[in-house]
file final27.txt (compact mmCIF, C-alpha atoms)
# COMPACT_ATOMS: atom_id res chain seq x y z
CA MET S 1140 25.38 -15.11 -23.93
CA GLY S 1141 22.77 -16.12 -26.48
CA PHE S 1142 19.25 -14.89 -27.04
CA ALA S 1143 17.79 -17.20 -24.37
CA GLY S 1144 20.35 -16.01 -21.82
CA GLY S 1145 19.55 -12.39 -22.58
CA VAL S 1146 15.83 -13.02 -22.19
CA LEU S 1147 16.48 -14.76 -18.87
CA VAL S 1148 18.50 -11.79 -17.61
CA LEU S 1149 15.72 -9.40 -18.63
CA LEU S 1150 13.10 -11.53 -16.86
CA ILE S 1151 15.17 -11.63 -13.67
CA LEU S 1152 15.74 -7.86 -13.75
CA SER S 1153 12.02 -7.28 -14.32
CA LEU S 1154 11.20 -9.49 -11.33
CA LEU S 1155 13.72 -7.68 -9.13
CA VAL S 1156 12.22 -4.30 -10.09
CA ARG S 1157 8.74 -5.56 -9.21
CA ILE S 1158 9.92 -6.97 -5.88
CA GLY S 1159 11.79 -3.77 -5.07
CA ARG S 1160 8.75 -1.64 -5.86
CA SER S 1161 6.50 -3.94 -3.88
CA ASN S 1162 8.83 -3.79 -0.88
CA ALA S 1163 8.90 0.01 -1.04
CA GLU S 1164 5.12 0.06 -1.30
CA GLY S 1165 4.87 -2.45 1.54
CA ASP S 1166 7.06 -0.17 3.65
CA ALA S 1167 4.83 2.80 2.81
CA VAL S 1168 1.62 0.95 3.69
CA HIS S 1169 3.18 -0.63 6.79
CA SER S 1170 4.17 2.83 8.05
CA LEU S 1171 0.44 3.53 8.15
CA ARG S 1172 -0.06 0.48 10.36
CA THR S 1173 2.50 1.72 12.86
CA ASN S 1174 0.63 5.03 13.07
CA LEU S 1175 -2.84 3.58 13.70
CA GLN S 1176 -4.44 2.12 16.78
CA ASP S 1177 -6.01 -1.23 15.89
CA PRO S 1178 -8.04 -2.53 18.88
CA ASN S 1179 -9.71 -5.27 16.77
CA ASN S 1180 -6.46 -6.56 15.17
CA VAL S 1181 -7.71 -5.74 11.68
CA LEU S 1182 -4.11 -5.19 10.58
CA GLN S 1183 -2.53 -8.32 12.06
CA SER S 1184 -1.84 -9.76 8.57
CA TRP S 1185 0.26 -6.71 7.66
CA ASP S 1186 3.62 -8.43 7.96
CA PRO S 1187 6.49 -6.27 6.65
CA THR S 1188 8.68 -9.35 6.13
CA LEU S 1189 6.51 -10.60 3.25
CA VAL S 1190 7.77 -9.93 -0.28
CA ASN S 1191 4.91 -7.50 -0.94
CA PRO S 1192 1.73 -6.27 0.77
CA CYS S 1193 -0.61 -7.88 -1.76
CA ALA S 1194 -1.39 -10.76 0.63
CA TRP S 1195 -2.40 -8.42 3.45
CA PHE S 1196 -6.09 -8.16 4.34
CA ASN S 1197 -7.76 -4.96 3.13
CA VAL S 1198 -4.96 -4.24 0.60
CA THR S 1199 -5.62 -4.68 -3.12
CA CYS S 1200 -2.93 -4.81 -5.80
CA ASN S 1201 -2.97 -4.76 -9.57
CA SER S 1202 -1.45 -7.45 -11.80
CA ASP S 1203 2.01 -5.89 -11.32
CA ASN S 1204 1.75 -6.31 -7.51
CA SER S 1205 1.45 -2.57 -7.05
CA VAL S 1206 -0.85 -1.35 -4.27
CA ILE S 1207 -3.96 0.28 -5.73
CA ARG S 1208 -6.42 0.16 -2.82
CA VAL S 1209 -6.62 0.13 0.97
CA ASP S 1210 -9.95 -0.30 2.79
CA LEU S 1211 -9.94 0.17 6.57
CA ALA S 1212 -12.54 0.73 9.28
CA ALA S 1213 -12.72 0.98 13.08
CA LEU S 1214 -9.22 2.42 13.55
CA SER S 1215 -7.85 5.62 15.02
CA GLY S 1216 -4.70 7.61 14.46
CA GLN S 1217 -3.21 9.72 11.71
CA LEU S 1218 -2.38 9.30 8.04
CA VAL S 1219 1.30 9.10 7.09
CA LEU S 1220 3.33 10.97 4.48
CA GLN S 1221 4.51 7.69 2.93
CA LEU S 1222 1.07 7.11 1.36
CA GLY S 1223 2.05 9.77 -1.17
CA LEU S 1224 4.69 7.35 -2.51
CA LEU S 1225 2.10 4.86 -3.85
CA LYS S 1226 2.18 5.94 -7.49
CA ASN S 1227 -0.55 3.54 -8.69
CA PHE S 1228 -2.83 4.10 -5.71
CA GLN S 1229 -6.49 4.56 -6.72
CA TYR S 1230 -8.67 4.06 -3.64
CA LEU S 1231 -8.14 5.08 -0.02
CA GLU S 1232 -11.27 4.01 1.80
CA PHE S 1233 -11.08 4.85 5.53
CA TYR S 1234 -14.68 4.73 6.64
CA SER S 1235 -15.97 4.74 10.24
CA ASN S 1236 -12.55 5.59 11.64
CA ASN S 1237 -11.44 8.10 14.21
CA LEU S 1238 -8.67 9.84 12.29
CA SER S 1239 -7.03 12.97 13.58
CA GLY S 1240 -4.60 15.49 12.18
CA PRO S 1241 -4.50 17.23 8.82
CA ILE S 1242 -5.21 15.79 5.41
CA LEU S 1243 -1.67 15.53 4.13
CA LYS S 1244 -0.66 17.51 1.05
CA ASP S 1245 1.41 14.47 0.00
CA LEU S 1246 -1.87 12.80 -0.98
CA GLY S 1247 -1.80 15.27 -3.88
CA ASN S 1248 1.02 13.14 -5.33
CA LEU S 1249 -1.49 10.34 -5.89
CA THR S 1250 -2.31 11.27 -9.49
CA ASN S 1251 -4.26 8.02 -10.07
CA LEU S 1252 -6.49 8.51 -7.03
CA VAL S 1253 -10.14 7.86 -7.88
CA SER S 1254 -11.70 7.84 -4.40
CA LEU S 1255 -10.68 9.22 -1.02
CA ASP S 1256 -13.10 8.40 1.82
CA LEU S 1257 -12.00 9.62 5.24
CA SER S 1258 -15.45 9.58 6.86
call {"tool": "encode", "arguments": {"input": "final27.txt", "output": "structure tokens"}}
result
Amino acid sequence: MGFAGGVLVLLILSLLVRIGRSNAEGDAVHSLRTNLQDPNNVLQSWDPTLVNPCAWFNVTCNSDNSVIRVDLAALSGQLVLQLGLLKNFQYLEFYSNNLSGPILKDLGNLTNLVSLDLS
């Protein structure tokens, strides 16, 4: 395999790592959807069969397709442990919701978190 073939292999592996991470992050964010009541269908675009959650409404990703922000309002339910798996997560904006249960200690794993609004 020549130089071009090696570069192609590296590009494919890089893409697979990004897709794998995005799927894991999509699973983590989608687990939130399954734990929330959504009477206004705010989360209807959250389709777990998509390659990554970056196309979902109210989800923002960085240039590496890693979830960095979720903005949600008018929902009820509880947060999920899986949110602690979002290593690049910066903003969790849950305003005007009716959340119940504890603030999960797993959110402490979010070392890049800039803002947490659970009002």
call {"tool": "residues_around", "arguments": {"input": "final27.txt", "residues": "Leu1231 of chain S", "least_positions_apart": "2", "cutoff": "8 Å", "atoms": "all atoms listed in the file", "output": "ChimeraX atom specification"}}
result
/S:1208-1210,1228-1229,1233,1252,1254-1257
call {"tool": "residues_near_point", "arguments": {"input": "final27.txt", "point": "(-0.4, -0.9, 7.9)", "cutoff": "12 Å", "atoms": "all atoms listed in the file", "output": "short mmCIF file (atom, residue, chain, number, x, y, z; two decimals) with C-alpha atoms, in the coordinates of the input"}}
result
data_model
loop_
_atom_site.label_atom_id
_atom_site.label_comp_id
_atom_site.auth_asym_id
_atom_site.auth_seq_id
_atom_site.Cartn_x
_atom_site.Cartn_y
_atom_site.Cartn_z
CA GLU S 1164 5.12 0.06 -1.30
CA GLY S 1165 4.87 -2.45 1.54
CA ASP S 1166 7.06 -0.17 3.65
CA ALA S 1167 4.83 2.80 2.81
CA VAL S 1168 1.62 0.95 3.69
CA HIS S 1169 3.18 -0.63 6.79
CA SER S 1170 4.17 2.83 8.05
CA LEU S 1171 0.44 3.53 8.15
CA ARG S 1172 -0.06 0.48 10.36
CA THR S 1173 2.50 1.72 12.86
CA ASN S 1174 0.63 5.03 13.07
CA LEU S 1175 -2.84 3.58 13.70
CA GLN S 1176 -4.44 2.12 16.78
CA ASP S 1177 -6.01 -1.23 15.89
CA ASN S 1180 -6.46 -6.56 15.17
CA VAL S 1181 -7.71 -5.74 11.68
CA LEU S 1182 -4.11 -5.19 10.58
CA GLN S 1183 -2.53 -8.32 12.06
CA SER S 1184 -1.84 -9.76 8.57
CA TRP S 1185 0.26 -6.71 7.66
CA ASP S 1186 3.62 -8.43 7.96
CA PRO S 1187 6.49 -6.27 6.65
CA PRO S 1192 1.73 -6.27 0.77
CA CYS S 1193 -0.61 -7.88 -1.76
CA TRP S 1195 -2.40 -8.42 3.45
CA PHE S 1196 -6.09 -8.16 4.34
CA ASN S 1197 -7.76 -4.96 3.13
CA VAL S 1198 -4.96 -4.24 0.60
CA VAL S 1209 -6.62 0.13 0.97
CA ASP S 1210 -9.95 -0.30 2.79
CA LEU S 1211 -9.94 0.17 6.57
CA LEU S 1214 -9.22 2.42 13.55
CA GLY S 1216 -4.70 7.61 14.46
CA GLN S 1217 -3.21 9.72 11.71
CA LEU S 1218 -2.38 9.30 8.04
CA VAL S 1219 1.30 9.10 7.09
CA GLN S 1221 4.51 7.69 2.93
CA LEU S 1222 1.07 7.11 1.36
#
call {"tool": "closest_residue", "arguments": {"input": "final27.txt", "among": "S:Asn1227, S:Thr1188, S:Leu1243, S:Asn1179", "to": "Ser1215 of chain S", "atoms": "all atoms listed in the file"}}
result
S:Asn1179
call {"tool": "atom_distance", "arguments": {"input": "final27.txt", "atom1": "atom CA of Ile1207 of chain S", "atom2": "atom CA of Val1253 of chain S"}}
result
10.0 Å
call {"tool": "residues_around", "arguments": {"input": "final27.txt", "residues": "Ser1235 of chain S", "least_positions_apart": "6", "cutoff": "6 Å", "atoms": "only C-alpha atoms", "output": "list of chain:residue names"}}
result
S:Ala1212, S:Ala1213, S:Ser1258
call {"tool": "closest_residue", "arguments": {"input": "final27.txt", "among": "S:Leu1189, S:Asp1203, S:Ser1239, S:Thr1250", "to": "Leu1224 of chain S", "atoms": "only C-alpha atoms"}}
result
S:Thr1250
call {"tool": "closest_residue", "arguments": {"input": "final27.txt", "among": "S:Ser1202, S:Asp1245, S:Asn1191, S:Asn1251", "to": "Lys1226 of chain S", "atoms": "only C-alpha atoms"}}
result
S:Asn1251
